[in-house]
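What follows is upload-v1.csv (CSV, C-alpha atoms and all ligand atoms).
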```csv
chain,number,residue,atom,x,y,z
A,1,MET,CA,28.5,5.9,-15.1
A,2,ILE,CA,26.0,7.2,-12.6
A,3,SER,CA,23.9,4.5,-11.0
A,4,VAL,CA,20.3,4.9,-10.0
A,5,PRO,CA,18.8,1.9,-8.2
A,6,LEU,CA,15.0,1.6,-8.0
A,7,VAL,CA,15.3,1.8,-4.3
A,8,ASP,CA,18.2,2.7,-2.0
A,9,LEU,CA,17.7,1.2,1.4
A,10,LYS,CA,21.1,2.2,2.8
A,11,ALA,CA,20.2,5.8,2.1
A,12,THR,CA,17.1,5.5,4.3
A,13,TYR,CA,19.2,4.2,7.2
A,14,GLU,CA,21.9,6.9,7.3
A,15,PRO,CA,19.7,9.7,8.8
A,16,ILE,CA,18.4,7.5,11.6
A,17,ARG,CA,21.4,5.3,12.2
A,18,LYS,CA,22.2,6.7,15.7
A,19,GLN,CA,18.6,6.8,16.9
A,20,VAL,CA,17.8,3.3,15.7
A,21,LEU,CA,21.0,1.7,17.2
A,22,ALA,CA,20.3,3.4,20.5
A,23,SER,CA,16.8,2.1,20.5
A,24,PHE,CA,17.9,-1.4,19.6
A,25,GLU,CA,20.4,-1.4,22.4
A,26,THR,CA,17.7,-0.4,24.9
A,27,ILE,CA,15.3,-3.0,23.6
A,28,LEU,CA,17.9,-5.8,23.5
A,29,ASP,CA,19.2,-4.9,27.0
A,30,LYS,CA,15.6,-5.4,28.3
A,31,MET,CA,14.8,-8.2,25.9
A,32,GLY,CA,11.2,-6.9,25.7
A,33,LEU,CA,10.8,-7.9,22.1
A,34,PHE,CA,7.1,-8.0,21.4
A,35,LEU,CA,4.1,-5.7,22.0
A,36,GLY,CA,6.3,-3.5,24.2
A,37,GLU,CA,6.6,0.3,24.7
A,38,ASN,CA,7.8,1.1,21.2
A,39,VAL,CA,4.9,-0.8,19.6
A,40,GLN,CA,2.4,0.9,21.9
A,41,ALA,CA,3.9,4.4,21.3
A,42,PHE,CA,4.1,3.8,17.6
A,43,GLU,CA,0.4,2.7,17.5
A,44,LYS,CA,-0.5,6.0,19.1
A,45,GLU,CA,1.8,8.0,16.9
A,46,PHE,CA,0.7,6.5,13.6
A,47,THR,CA,-3.0,6.4,14.5
A,48,HIS,CA,-2.8,10.1,15.3
A,49,TYR,CA,-0.7,10.8,12.1
A,50,CYS,CA,-3.4,9.2,10.0
A,51,GLY,CA,-6.2,10.9,11.8
A,52,ALA,CA,-7.8,7.5,12.5
A,53,ASP,CA,-9.9,6.6,15.5
A,54,PHE,CA,-8.2,3.4,16.4
A,55,GLY,CA,-5.0,1.7,15.3
A,56,LEU,CA,-3.0,-1.5,15.8
A,57,ALA,CA,0.4,-2.6,14.6
A,58,CYS,CA,0.8,-6.1,13.3
A,59,SER,CA,3.2,-8.4,11.5
A,60,ASN,CA,2.9,-7.3,7.8
A,61,GLY,CA,0.6,-5.7,5.3
A,62,THR,CA,-1.0,-9.0,4.0
A,63,ASP,CA,-1.9,-9.9,7.6
A,64,ALA,CA,-3.1,-6.3,8.2
A,65,ALA,CA,-5.6,-6.6,5.3
A,66,THR,CA,-6.6,-10.1,6.5
A,67,LEU,CA,-7.1,-8.8,10.0
A,68,ALA,CA,-9.1,-5.9,8.8
A,69,LEU,CA,-11.5,-8.1,6.8
A,70,LYS,CA,-11.8,-10.8,9.6
A,71,ALA,CA,-12.6,-8.1,12.2
A,72,PHE,CA,-16.0,-7.6,10.5
A,73,ASP,CA,-17.1,-11.2,10.9
A,74,PHE,CA,-18.8,-11.3,7.5
A,75,LYS,CA,-21.2,-14.2,6.8
A,76,PRO,CA,-19.7,-17.3,5.1
A,77,GLY,CA,-19.3,-16.9,1.3
A,78,PHE,CA,-18.9,-13.2,1.5
A,79,GLU,CA,-17.5,-11.3,-1.5
A,80,VAL,CA,-15.1,-8.5,-1.5
A,81,ILE,CA,-14.6,-6.2,-4.4
A,82,VAL,CA,-10.9,-5.5,-5.2
A,83,PRO,CA,-9.0,-4.2,-8.1
A,84,SER,CA,-7.1,-6.7,-10.2
A,85,HIS,CA,-4.3,-4.2,-10.9
A,86,THR,CA,-2.6,-4.5,-7.5
A,87,PHE,CA,0.0,-6.5,-5.7
A,88,PHE,CA,-1.4,-10.0,-5.3
A,89,ALA,CA,-1.6,-9.7,-1.5
A,90,THR,CA,-4.8,-7.7,-1.8
A,91,VAL,CA,-6.5,-10.7,-3.3
A,92,GLU,CA,-4.8,-13.1,-1.0
A,93,SER,CA,-6.0,-11.3,2.0
A,94,VAL,CA,-9.6,-11.8,1.0
A,95,VAL,CA,-9.0,-15.5,0.6
A,96,HIS,CA,-7.1,-15.7,3.9
A,97,ALA,CA,-10.1,-14.0,5.6
A,98,GLY,CA,-12.5,-16.7,4.1
A,99,GLY,CA,-14.0,-14.5,1.4
A,100,VAL,CA,-14.4,-14.5,-2.3
A,101,PRO,CA,-12.3,-11.9,-4.2
A,102,VAL,CA,-14.3,-10.2,-7.0
A,103,MET,CA,-11.8,-8.5,-9.2
A,104,VAL,CA,-12.8,-5.3,-11.0
A,105,ASP,CA,-11.1,-3.0,-13.5
A,106,VAL,CA,-9.5,0.3,-12.6
A,107,ASP,CA,-10.0,3.8,-13.8
A,108,PRO,CA,-7.7,4.6,-16.7
A,109,LYS,CA,-6.5,7.8,-15.2
A,110,THR,CA,-6.0,7.1,-11.5
A,111,TYR,CA,-5.3,3.3,-11.8
A,112,CYS,CA,-7.6,2.8,-8.8
A,113,LEU,CA,-10.9,1.0,-8.6
A,114,ASP,CA,-13.4,2.4,-11.0
A,115,PRO,CA,-16.6,3.3,-9.1
A,116,GLU,CA,-18.9,2.6,-12.0
A,117,ARG,CA,-17.5,-0.9,-12.4
A,118,ILE,CA,-17.8,-1.6,-8.7
A,119,VAL,CA,-21.6,-1.1,-9.0
A,120,MET,CA,-21.7,-3.7,-11.8
A,121,ALA,CA,-19.9,-6.3,-9.7
A,122,ILE,CA,-22.2,-6.1,-6.6
A,123,THR,CA,-24.3,-9.1,-5.7
A,124,PRO,CA,-26.3,-10.0,-2.6
A,125,ASP,CA,-23.1,-11.7,-1.3
A,126,THR,CA,-21.0,-8.5,-1.5
A,127,ALA,CA,-19.9,-7.5,2.0
A,128,ALA,CA,-17.1,-5.0,1.4
A,129,ILE,CA,-15.2,-2.9,-1.1
A,130,MET,CA,-11.4,-2.9,-0.7
A,131,PRO,CA,-10.0,0.0,-2.8
A,132,VAL,CA,-6.2,0.0,-3.2
A,133,HIS,CA,-4.6,3.5,-3.1
A,134,LEU,CA,-2.3,2.4,-5.9
A,135,TYR,CA,1.2,3.8,-6.2
A,136,GLY,CA,0.3,6.3,-3.5
A,137,GLN,CA,-2.9,7.9,-5.0
A,138,PRO,CA,-6.0,7.5,-2.9
A,139,ALA,CA,-9.0,6.0,-4.8
A,140,ASP,CA,-12.2,8.0,-5.5
A,141,MET,CA,-13.3,7.6,-1.9
A,142,ASP,CA,-16.5,9.8,-2.0
A,143,ALA,CA,-17.9,7.7,-4.9
A,144,ILE,CA,-16.9,4.5,-3.3
A,145,THR,CA,-18.2,5.4,0.2
A,146,ARG,CA,-21.5,6.5,-1.4
A,147,ILE,CA,-21.9,3.1,-3.2
A,148,ALA,CA,-21.0,1.3,0.0
A,149,ARG,CA,-23.3,3.3,2.3
A,150,ASP,CA,-26.3,2.9,0.0
A,151,ARG,CA,-25.9,-0.9,0.1
A,152,GLY,CA,-24.7,-1.5,3.6
A,153,LEU,CA,-21.2,-2.5,2.6
A,154,LYS,CA,-18.0,-1.9,4.4
A,155,VAL,CA,-15.1,0.0,2.9
A,156,ILE,CA,-11.6,-1.3,3.8
A,157,GLU,CA,-8.7,0.6,2.4
A,158,ASP,CA,-5.7,-1.2,1.2
A,159,ALA,CA,-3.3,1.7,2.0
A,160,ALA,CA,-0.2,-0.4,1.8
A,161,GLN,CA,1.3,2.0,-0.8
A,162,ALA,CA,-0.2,5.2,0.6
A,163,HIS,CA,1.4,6.3,3.9
A,164,GLY,CA,0.7,10.0,4.2
A,165,ALA,CA,-1.3,10.3,1.0
A,166,SER,CA,-4.5,12.2,1.4
A,167,TYR,CA,-7.9,12.6,-0.2
A,168,LYS,CA,-9.7,15.9,0.2
A,169,GLY,CA,-7.5,16.8,3.2
A,170,ARG,CA,-8.0,13.5,5.0
A,171,LYS,CA,-5.2,10.9,5.2
A,172,ALA,CA,-5.3,7.4,3.9
A,173,GLY,CA,-6.1,5.2,6.8
A,174,ALA,CA,-9.0,7.4,7.9
A,175,LEU,CA,-11.1,7.2,4.8
A,176,GLY,CA,-13.1,4.0,5.4
A,177,ASP,CA,-14.4,1.7,8.0
A,178,ALA,CA,-10.9,0.2,8.4
A,179,ALA,CA,-7.6,0.3,6.6
A,180,ALA,CA,-4.4,-1.8,6.2
A,181,PHE,CA,-0.9,-0.6,5.8
A,182,SER,CA,2.4,-2.4,5.0
A,183,PHE,CA,5.7,-1.4,6.4
A,184,TYR,CA,7.7,-3.6,4.0
A,185,PHE,CA,11.1,-2.0,3.8
A,186,THR,CA,10.6,-0.4,0.4
A,187,LYS,CA,7.4,1.5,1.4
A,188,ASN,CA,7.3,5.3,2.0
A,189,LEU,CA,7.3,4.3,5.6
A,190,GLY,CA,9.1,1.0,5.9
A,191,GLY,CA,10.8,-0.9,8.6
A,192,PHE,CA,14.0,-2.9,8.3
A,193,GLY,CA,12.1,-6.1,8.1
A,194,GLU,CA,8.3,-6.8,8.1
A,195,GLY,CA,5.5,-4.8,9.6
A,196,GLY,CA,1.9,-3.8,9.1
A,197,PHE,CA,-0.8,-1.7,10.7
A,198,VAL,CA,-4.6,-1.7,10.8
A,199,THR,CA,-6.9,1.2,11.6
A,200,ALA,CA,-10.6,1.1,12.5
A,201,ALA,CA,-13.3,3.7,12.8
A,202,ASP,CA,-15.2,1.6,15.4
A,203,SER,CA,-14.1,0.5,18.8
A,204,SER,CA,-15.7,-3.0,18.6
A,205,VAL,CA,-13.9,-3.6,15.3
A,206,TYR,CA,-10.6,-2.5,16.9
A,207,GLU,CA,-11.2,-4.8,19.9
A,208,ARG,CA,-11.8,-7.8,17.6
A,209,MET,CA,-8.7,-6.9,15.6
A,210,LYS,CA,-6.7,-6.9,18.8
A,211,LEU,CA,-8.0,-10.4,19.7
A,212,LEU,CA,-7.4,-11.8,16.3
A,213,ARG,CA,-3.9,-10.4,16.1
A,214,HIS,CA,-2.8,-12.4,19.2
A,215,HIS,CA,-4.4,-15.9,19.2
A,216,GLY,CA,-7.8,-14.6,20.4
A,217,HIS,CA,-6.1,-14.0,23.7
A,218,ALA,CA,-8.4,-12.2,26.2
A,219,SER,CA,-6.3,-12.9,29.2
A,220,LYS,CA,-3.5,-15.3,30.1
A,221,PHE,CA,-4.4,-18.7,28.7
A,222,GLU,CA,-7.9,-17.6,27.8
A,223,HIS,CA,-8.6,-17.8,24.1
A,224,VAL,CA,-12.0,-16.4,23.2
A,225,LEU,CA,-11.5,-16.4,19.4
A,226,VAL,CA,-9.5,-18.6,17.1
A,227,GLY,CA,-7.0,-16.0,16.1
A,228,HIS,CA,-3.5,-15.7,14.6
A,229,ASN,CA,0.0,-14.8,15.5
A,230,MET,CA,0.2,-11.4,13.8
A,231,ARG,CA,2.1,-9.7,16.5
A,232,PRO,CA,4.4,-6.7,15.6
A,233,ASP,CA,7.9,-6.6,17.1
A,234,GLU,CA,9.7,-3.9,19.1
A,235,LEU,CA,12.7,-3.5,16.8
A,236,GLN,CA,10.6,-2.7,13.8
A,237,ALA,CA,8.5,-0.3,15.9
A,238,ALA,CA,11.6,1.5,16.9
A,239,VAL,CA,12.7,1.9,13.3
A,240,LEU,CA,9.2,3.2,12.3
A,241,ARG,CA,9.2,5.6,15.2
A,242,ALA,CA,12.5,7.0,14.0
A,243,LYS,CA,11.2,7.4,10.4
A,244,LEU,CA,7.7,8.7,11.0
A,245,PRO,CA,8.6,12.3,11.8
A,246,SER,CA,10.2,12.8,8.3
A,247,LEU,CA,7.4,11.0,6.4
A,248,ASP,CA,5.7,14.2,5.3
A,249,GLU,CA,8.9,15.9,4.3
A,250,ASN,CA,10.0,12.8,2.3
A,251,ASN,CA,6.6,12.5,0.6
A,252,ALA,CA,7.0,16.2,-0.4
A,253,LYS,CA,10.4,15.4,-1.9
A,254,ARG,CA,8.8,12.5,-3.9
A,255,ARG,CA,6.1,14.9,-5.2
A,256,GLU,CA,8.8,17.4,-6.3
A,257,ILE,CA,10.7,14.7,-8.2
A,258,ALA,CA,7.5,13.6,-9.8
A,259,ARG,CA,6.8,17.2,-10.9
A,260,ARG,CA,10.2,17.4,-12.5
A,261,TYR,CA,9.7,14.1,-14.3
A,262,ASP,CA,6.2,15.2,-15.4
A,263,ALA,CA,7.6,18.4,-16.9
A,264,ALA,CA,10.6,16.7,-18.5
A,265,PHE,CA,8.4,14.0,-20.1
A,266,SER,CA,5.5,16.2,-21.2
A,267,SER,CA,6.5,16.3,-24.8
A,268,LEU,CA,7.3,12.6,-25.1
A,269,ASP,CA,5.0,9.9,-26.3
A,270,VAL,CA,4.3,8.6,-22.7
A,271,ILE,CA,1.5,8.8,-20.3
A,272,THR,CA,2.8,10.4,-17.0
A,273,PRO,CA,0.9,9.8,-13.7
A,274,TYR,CA,-2.4,11.6,-13.3
A,275,ALA,CA,-2.9,13.1,-9.8
A,276,SER,CA,-6.5,13.9,-9.1
A,277,PRO,CA,-7.1,17.4,-7.8
A,278,ASP,CA,-8.8,15.7,-4.8
A,279,VAL,CA,-5.6,14.0,-3.6
A,280,GLU,CA,-2.2,14.5,-2.3
A,281,HIS,CA,-0.3,11.7,-4.1
A,282,SER,CA,2.6,10.2,-2.1
A,283,TYR,CA,4.3,8.7,-5.2
A,284,HIS,CA,5.2,5.3,-3.7
A,285,CYS,CA,5.7,4.5,-7.4
A,286,TYR,CA,6.2,6.9,-10.2
A,287,VAL,CA,4.7,5.0,-13.1
A,288,ILE,CA,4.6,5.9,-16.8
A,289,GLN,CA,3.0,4.1,-19.7
A,290,THR,CA,4.7,3.5,-23.0
A,291,ASP,CA,4.1,1.1,-25.9
A,292,SER,CA,7.8,0.3,-25.8
A,293,ARG,CA,8.0,-0.6,-22.2
A,294,ASP,CA,10.2,-3.6,-22.4
A,295,GLU,CA,12.7,-1.8,-24.7
A,296,LEU,CA,12.8,1.2,-22.3
A,297,VAL,CA,13.4,-1.1,-19.3
A,298,HIS,CA,16.3,-2.7,-21.3
A,299,HIS,CA,17.7,0.7,-22.3
A,300,LEU,CA,17.6,2.0,-18.7
A,301,ALA,CA,19.2,-1.1,-17.3
A,302,GLU,CA,22.1,-0.6,-19.7
A,303,CYS,CA,22.4,2.9,-18.3
A,304,ASN,CA,22.5,1.6,-14.7
A,305,ILE,CA,18.9,2.9,-14.0
A,306,GLY,CA,16.7,0.5,-12.0
A,307,THR,CA,13.1,0.1,-13.0
A,308,GLY,CA,10.1,-2.0,-11.9
A,309,VAL,CA,7.0,-3.3,-13.5
A,310,HIS,CA,4.0,-2.9,-11.2
A,311,TYR,CA,2.4,-5.1,-12.4
A,312,LYS,CA,3.2,-7.4,-15.3
A,313,THR,CA,0.4,-10.0,-14.7
A,314,PRO,CA,-2.9,-8.8,-13.2
A,315,ALA,CA,-4.3,-10.6,-10.2
A,316,HIS,CA,-7.2,-12.2,-12.2
A,317,LEU,CA,-4.7,-13.9,-14.6
A,318,GLN,CA,-2.4,-15.3,-11.8
A,319,PRO,CA,-2.4,-19.1,-11.7
A,320,ALA,CA,-3.1,-19.0,-8.0
A,321,VAL,CA,-6.6,-17.5,-8.4
A,322,ARG,CA,-7.7,-20.5,-10.4
A,323,THR,CA,-7.4,-22.6,-7.2
A,324,VAL,CA,-9.8,-20.6,-5.2
A,325,PRO,CA,-13.4,-19.3,-5.6
A,326,HIS,CA,-13.3,-15.9,-7.3
A,327,ARG,CA,-14.9,-13.7,-9.9
A,328,ALA,CA,-13.3,-11.4,-12.5
A,329,MET,CA,-15.1,-8.6,-14.3
A,330,PRO,CA,-14.0,-7.3,-17.8
A,331,MET,CA,-10.5,-5.9,-17.5
A,332,ALA,CA,-9.7,-3.9,-20.6
A,333,VAL,CA,-7.8,-1.1,-18.7
A,334,THR,CA,-5.9,-3.4,-16.4
A,335,GLU,CA,-4.8,-5.7,-19.2
A,336,SER,CA,-3.6,-2.8,-21.3
A,337,LEU,CA,-1.8,-1.2,-18.3
A,338,CYS,CA,0.1,-4.4,-17.5
A,339,THR,CA,1.8,-4.3,-21.0
A,340,LYS,CA,2.7,-0.6,-20.8
A,341,CYS,CA,3.5,0.5,-17.2
A,342,VAL,CA,7.0,1.0,-15.9
A,343,THR,CA,8.1,2.4,-12.5
A,344,LEU,CA,11.0,4.9,-12.5
A,345,PRO,CA,13.2,5.6,-9.4
A,346,CYS,CA,11.4,8.3,-7.3
A,347,TYR,CA,12.5,8.6,-3.7
A,348,PRO,CA,13.6,11.4,-1.4
A,349,GLU,CA,17.3,10.4,-1.3
A,350,LEU,CA,17.8,10.7,-5.1
A,351,LEU,CA,20.7,13.0,-5.9
A,352,GLU,CA,20.4,15.8,-8.4
A,353,GLU,CA,22.7,14.0,-10.9
A,354,GLN,CA,20.7,10.8,-10.5
A,355,ILE,CA,17.4,12.6,-11.3
A,356,ALA,CA,19.1,14.3,-14.3
A,357,HIS,CA,20.4,10.9,-15.5
A,358,VAL,CA,16.9,9.4,-15.4
A,359,ILE,CA,15.4,12.3,-17.3
A,360,ASP,CA,18.2,12.3,-19.9
A,361,GLU,CA,18.0,8.6,-20.6
A,362,VAL,CA,14.2,8.3,-20.7
A,363,THR,CA,14.2,11.4,-23.0
A,364,LYS,CA,17.0,10.0,-25.2
A,365,PHE,CA,15.1,6.7,-25.6
A,366,LEU,CA,11.6,8.1,-26.2
A,367,ASP,CA,12.3,11.3,-28.1
B,401,LIG,C1,-1.2,-2.9,-2.5
B,401,LIG,C2,-0.5,-3.9,-1.5
B,401,LIG,N1,-1.3,-4.6,-0.6
B,401,LIG,C3,-0.8,-5.4,0.3
B,401,LIG,C4,0.6,-5.6,0.4
B,401,LIG,C5,1.2,-6.6,1.3
B,401,LIG,O1,2.1,-6.0,2.2
B,401,LIG,P1,3.2,-7.0,2.9
B,401,LIG,O2,4.2,-7.2,1.9
B,401,LIG,O3,3.7,-6.1,4.0
B,401,LIG,O4,2.6,-8.2,3.4
B,401,LIG,C6,1.5,-4.8,-0.5
B,401,LIG,C7,2.9,-4.9,-0.4
B,401,LIG,O5,3.7,-4.7,-1.3
B,401,LIG,C8,0.9,-3.9,-1.4
B,401,LIG,O6,1.6,-3.2,-2.3
```

Would you mind writing the file's structure down as C-alpha cells?
Amino acid sequence: MISVPLVDLKATYEPIRKQVLASFETILDKMGLFLGENVQAFEKEFTHYCGADFGLACSNGTDAATLALKAFDFKPGFEVIVPSHTFFATVESVVHAGGVPVMVDVDPKTYCLDPERIVMAITPDTAAIMPVHLYGQPADMDAITRIARDRGLKVIEDAAQAHGASYKGRKAGALGDAAAFSFYFTKNLGGFGEGGFVTAADSSVYERMKLLRHHGHASKFEHVLVGHNMRPDELQAAVLRAKLPSLDENNAKRREIARRYDAAFSSLDVITPYASPDVEHSYHCYVIQTDSRDELVHHLAECNIGTGVHYKTPAHLQPAVRTVPHRAMPMAVTESLCTKCVTLPCYPELLEEQIAHVIDEVTKFLD
C-alpha cells in the first residue's frame, strides 16, 4: 500500500545532499563551528529574503521568541498577548523573558489572534502583542498594528511556522517591531537540527539581541548584559543556505497541493483552511476540521497516511501554565478547534500517487 508520512525529512535532503556535504567538509576542515562565515552570510540572505531591516540567527525558535521579547527591556510584570491556539513555545517564551502571558482566543476563520479579543485583554501592564502566523497564514497585521500603535505596544511576530508567507505583499518577519522564526527540521525552512532567527525593525533592538544572544558579550571577557548562550552553529547555517533558494518554489508547491485538497474536499462535511485574500499562505500545516477527527486519524493511520493534531490541548489548559502567572480570556473558538482539527500531509516532495491516496481515503471516510 502507498505510504504517506506526515513529513519526509529524507526527501528534503536529496536535492541538497552534495552541496551540504561539501559545506560540511569545509566547515569541519576549518573547525570554525560557531558564528562563522555561513552564519553571517545566512543572516544577510534571510534578512534580505524577509525584507526585514535587521536579522540575527540563533539557537532555536523558542530562544528566538525569548530574545525578541527580552530585547525590548519591558518593565517588570509586563504582559504579552498571545493566542492560546499555538505551539506551547509561544507561551513559554513570554515566561522565559520574564513576562506574563495573556492568552486570547483566535479568529474562527484564520485561526490567528482575533483583533477584537486582543482589545478586551489589554491592561496598563500590556507591553506587546505576539501574533502567531499559525500554520503559515499571517495574522491580521493591519488591525493588530493599529491596536498596538494606538496604545504604544510592540508587535512581535511568532513567525515560526511562516517562512515565506506574506501579508499584503510583505513577508512574515517584516510585519512588526520584531519577529521570531524556528528552523526546526520539519519547518518550511528547516535545518538538520535546531536553529532560529530574529528580525528587528530598529538597530538598537538588534544590537541588544546580539548582546543577549551571546552572554552579553561586548568584547572579549567584557559582559555588559546578563545574556544567554543562544548561538547558532555553522553546520545548520550551511543547510539553511542550501535550502533558502528553493523556499519560494517549495511554498508554491504546498499551495498547489492545498488547492487540490480544497477542491477535492469541497463537497464533504469538513472545514478546509481559509486563506485570507490579504495573505499568501505558506501551508506549513494543511489543517481541516471535522467532528469525527479521531476516527479520521485512525482510518488514515490504517491506510498508511500520517496525520498530526495541532493542537489537541490549548496552551491555557496545559498543566504547565498553572505554575506561572498568566491570564486566559474566554476561549470558545480555540477549545472547539482543539477537538476538530487534523493536519494532513502537505509538502513539496509529495508524489502524485501520494496526494491521490490522501484525497481518496479522506473522501472515502467522510463521504
Ligand atoms: C508557533 C511556534 N512558536 C515557536 C516554536 C518554537 O520553535 P523551536 O522548536 O525551534 O524552539 C514553534 C516550533 O514548533 C512553533 O510552531

Long-range neighbours of Ala128 of chain A as a PyMOL selection string, 8 Å cut-off, only C-alpha atoms, 5 positions minimum in chain: chain A and resi 79-81+148+153-156

If you count all atoms listed in the file, which residues fall within 7 Å of segment 100-109 of chain A, apart from same-chain ones fewer than 3 positions away, as a PyMOL selection string? chain A and resi 77-84+91+94-95+112-114+117-118+274+316+325-331+333-334

At a cut-off of 6 Å and counting all atoms listed in the file, what residues surround ligand LIG 401 (chain B)? Please answer as a list in words. Asn60, Gly61, Thr62, Thr86, Phe87, Ala89, Thr90, Val132, Asp158, Ala160, Gln161, Ser182, Phe183, Tyr184 and Gly196 of chain A

Please indicate the distance in Å from atom CA of Cys58 of chain A to atom CA of His281 of chain A, rounded to one decimal place. 24.9 Å

So what do you get for atom CA of Phe185 of chain A versus atom CA of Asp278 of chain A, distance-wise?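 Between these atoms lies a distance of 28.0 Å.
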
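Candidate residues A:Pro314, A:Gly36, A:Gly227, A:Pro348 were compared for distance to Met209 of chain A, and the nearest is A:Gly227, using all atoms listed in the file.
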
For Ala174 of chain A, the closest of A:Ala162, A:Val20, A:Val342, A:Ala71 counting only C-alpha atoms is A:Ala162

Contacts of segment 297-307 of chain A at 12 Å or less, counting all atoms listed in the file, minus same-chain residues fewer than 5 places along, as a PyMOL selection string? chain A and resi 1-8+285-292+340-346+350+354-366

Store the residues of this selection in a file with C-alpha atoms, as a PDB file, in the frame of the given file.
```pdb
ATOM      1  CA  MET A   1      28.500   5.900 -15.100  1.00  0.00           C
ATOM      2  CA  ILE A   2      26.000   7.200 -12.600  1.00  0.00           C
ATOM      3  CA  SER A   3      23.900   4.500 -11.000  1.00  0.00           C
ATOM      4  CA  VAL A   4      20.300   4.900 -10.000  1.00  0.00           C
ATOM      5  CA  PRO A   5      18.800   1.900  -8.200  1.00  0.00           C
ATOM      6  CA  LEU A   6      15.000   1.600  -8.000  1.00  0.00           C
ATOM      7  CA  VAL A   7      15.300   1.800  -4.300  1.00  0.00           C
ATOM      8  CA  ASP A   8      18.200   2.700  -2.000  1.00  0.00           C
ATOM      9  CA  CYS A 285       5.700   4.500  -7.400  1.00  0.00           C
ATOM     10  CA  TYR A 286       6.200   6.900 -10.200  1.00  0.00           C
ATOM     11  CA  VAL A 287       4.700   5.000 -13.100  1.00  0.00           C
ATOM     12  CA  ILE A 288       4.600   5.900 -16.800  1.00  0.00           C
ATOM     13  CA  GLN A 289       3.000   4.100 -19.700  1.00  0.00           C
ATOM     14  CA  THR A 290       4.700   3.500 -23.000  1.00  0.00           C
ATOM     15  CA  ASP A 291       4.100   1.100 -25.900  1.00  0.00           C
ATOM     16  CA  SER A 292       7.800   0.300 -25.800  1.00  0.00           C
ATOM     17  CA  LYS A 340       2.700  -0.600 -20.800  1.00  0.00           C
ATOM     18  CA  CYS A 341       3.500   0.500 -17.200  1.00  0.00           C
ATOM     19  CA  VAL A 342       7.000   1.000 -15.900  1.00  0.00           C
ATOM     20  CA  THR A 343       8.100   2.400 -12.500  1.00  0.00           C
ATOM     21  CA  LEU A 344      11.000   4.900 -12.500  1.00  0.00           C
ATOM     22  CA  PRO A 345      13.200   5.600  -9.400  1.00  0.00           C
ATOM     23  CA  CYS A 346      11.400   8.300  -7.300  1.00  0.00           C
ATOM     24  CA  LEU A 350      17.800  10.700  -5.100  1.00  0.00           C
ATOM     25  CA  GLN A 354      20.700  10.800 -10.500  1.00  0.00           C
ATOM     26  CA  ILE A 355      17.400  12.600 -11.300  1.00  0.00           C
ATOM     27  CA  ALA A 356      19.100  14.300 -14.300  1.00  0.00           C
ATOM     28  CA  HIS A 357      20.400  10.900 -15.500  1.00  0.00           C
ATOM     29  CA  VAL A 358      16.900   9.400 -15.400  1.00  0.00           C
ATOM     30  CA  ILE A 359      15.400  12.300 -17.300  1.00  0.00           C
ATOM     31  CA  ASP A 360      18.200  12.300 -19.900  1.00  0.00           C
ATOM     32  CA  GLU A 361      18.000   8.600 -20.600  1.00  0.00           C
ATOM     33  CA  VAL A 362      14.200   8.300 -20.700  1.00  0.00           C
ATOM     34  CA  THR A 363      14.200  11.400 -23.000  1.00  0.00           C
ATOM     35  CA  LYS A 364      17.000  10.000 -25.200  1.00  0.00           C
ATOM     36  CA  PHE A 365      15.100   6.700 -25.600  1.00  0.00           C
ATOM     37  CA  LEU A 366      11.600   8.100 -26.200  1.00  0.00           C
TER      38      LEU A 366
END
```

Residue among A:Arg241, A:Lys220, A:His96, A:Arg17 lying closest to Ala41 of chain A, counting all atoms listed in the file: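 Nearest candidate to Ala41 of chain A out of A:Arg241, A:Lys220, A:His96, A:Arg17: A:Arg241.
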
Within 9 Å of segment 248-261 of chain A using only C-alpha atoms, minus same-chain residues under 2 positions, as a PyMOL selection string: chain A and resi 163-165+188+244-246+263-266+272-273+280-284+286+346-350+355+358-359

For Glu37 of chain A, work out the shell of residues within 9 Å, counting all atoms listed in the file and skipping chain neighbours fewer than 5 positions away, then give it as a ChimeraX atom specification. /A:32,42,234

Dump C-alpha atoms for the selected residues as an mmCIF file, in the coordinates of the input?
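Okay, this is what ended up in part02.cif:
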```
data_model
loop_
_atom_site.group_PDB
_atom_site.id
_atom_site.type_symbol
_atom_site.label_atom_id
_atom_site.label_comp_id
_atom_site.auth_asym_id
_atom_site.auth_seq_id
_atom_site.Cartn_x
_atom_site.Cartn_y
_atom_site.Cartn_z
ATOM 1 C CA GLY A 32 11.200 -6.900 25.700
ATOM 2 C CA PHE A 42 4.100 3.800 17.600
ATOM 3 C CA GLU A 234 9.700 -3.900 19.100
#
```

I'd like to know which of A:Leu175, A:Ala68, A:His228, A:Phe88 is closest to Pro319 of chain A, using all atoms listed in the file.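 Going through A:Leu175, A:Ala68, A:His228, A:Phe88 one by one, the smallest distance to Pro319 of chain A is for A:Phe88.
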
Separating atom CA of His310 of chain A from atom CA of Ala64 of chain A, to the nearest tenth of an Å, is a gap of 20.9 Å

When you get a chance, write out N, CA and C atoms for segment 150-156 of chain A, as an mmCIF file, in the frame of the given file.
```cif
data_model
loop_
_atom_site.group_PDB
_atom_site.id
_atom_site.type_symbol
_atom_site.label_atom_id
_atom_site.label_comp_id
_atom_site.auth_asym_id
_atom_site.auth_seq_id
_atom_site.Cartn_x
_atom_site.Cartn_y
_atom_site.Cartn_z
ATOM 1 N N ASP A 150 -24.974 3.186 0.517
ATOM 2 C CA ASP A 150 -26.300 2.900 0.000
ATOM 3 C C ASP A 150 -26.678 1.447 0.036
ATOM 4 N N ARG A 151 -25.673 0.585 0.128
ATOM 5 C CA ARG A 151 -25.900 -0.900 0.100
ATOM 6 C C ARG A 151 -25.530 -1.589 1.347
ATOM 7 N N GLY A 152 -25.137 -0.850 2.348
ATOM 8 C CA GLY A 152 -24.700 -1.500 3.600
ATOM 9 C C GLY A 152 -23.438 -2.244 3.554
ATOM 10 N N LEU A 153 -22.531 -1.812 2.691
ATOM 11 C CA LEU A 153 -21.200 -2.500 2.600
ATOM 12 C C LEU A 153 -20.164 -1.787 3.366
ATOM 13 N N LYS A 154 -19.122 -2.491 3.745
ATOM 14 C CA LYS A 154 -18.000 -1.900 4.400
ATOM 15 C C LYS A 154 -16.927 -1.456 3.417
ATOM 16 N N VAL A 155 -16.198 -0.411 3.775
ATOM 17 C CA VAL A 155 -15.100 0.000 2.900
ATOM 18 C C VAL A 155 -13.791 -0.186 3.719
ATOM 19 N N ILE A 156 -12.920 -1.024 3.177
ATOM 20 C CA ILE A 156 -11.600 -1.300 3.800
ATOM 21 C C ILE A 156 -10.529 -0.906 2.891
#
```
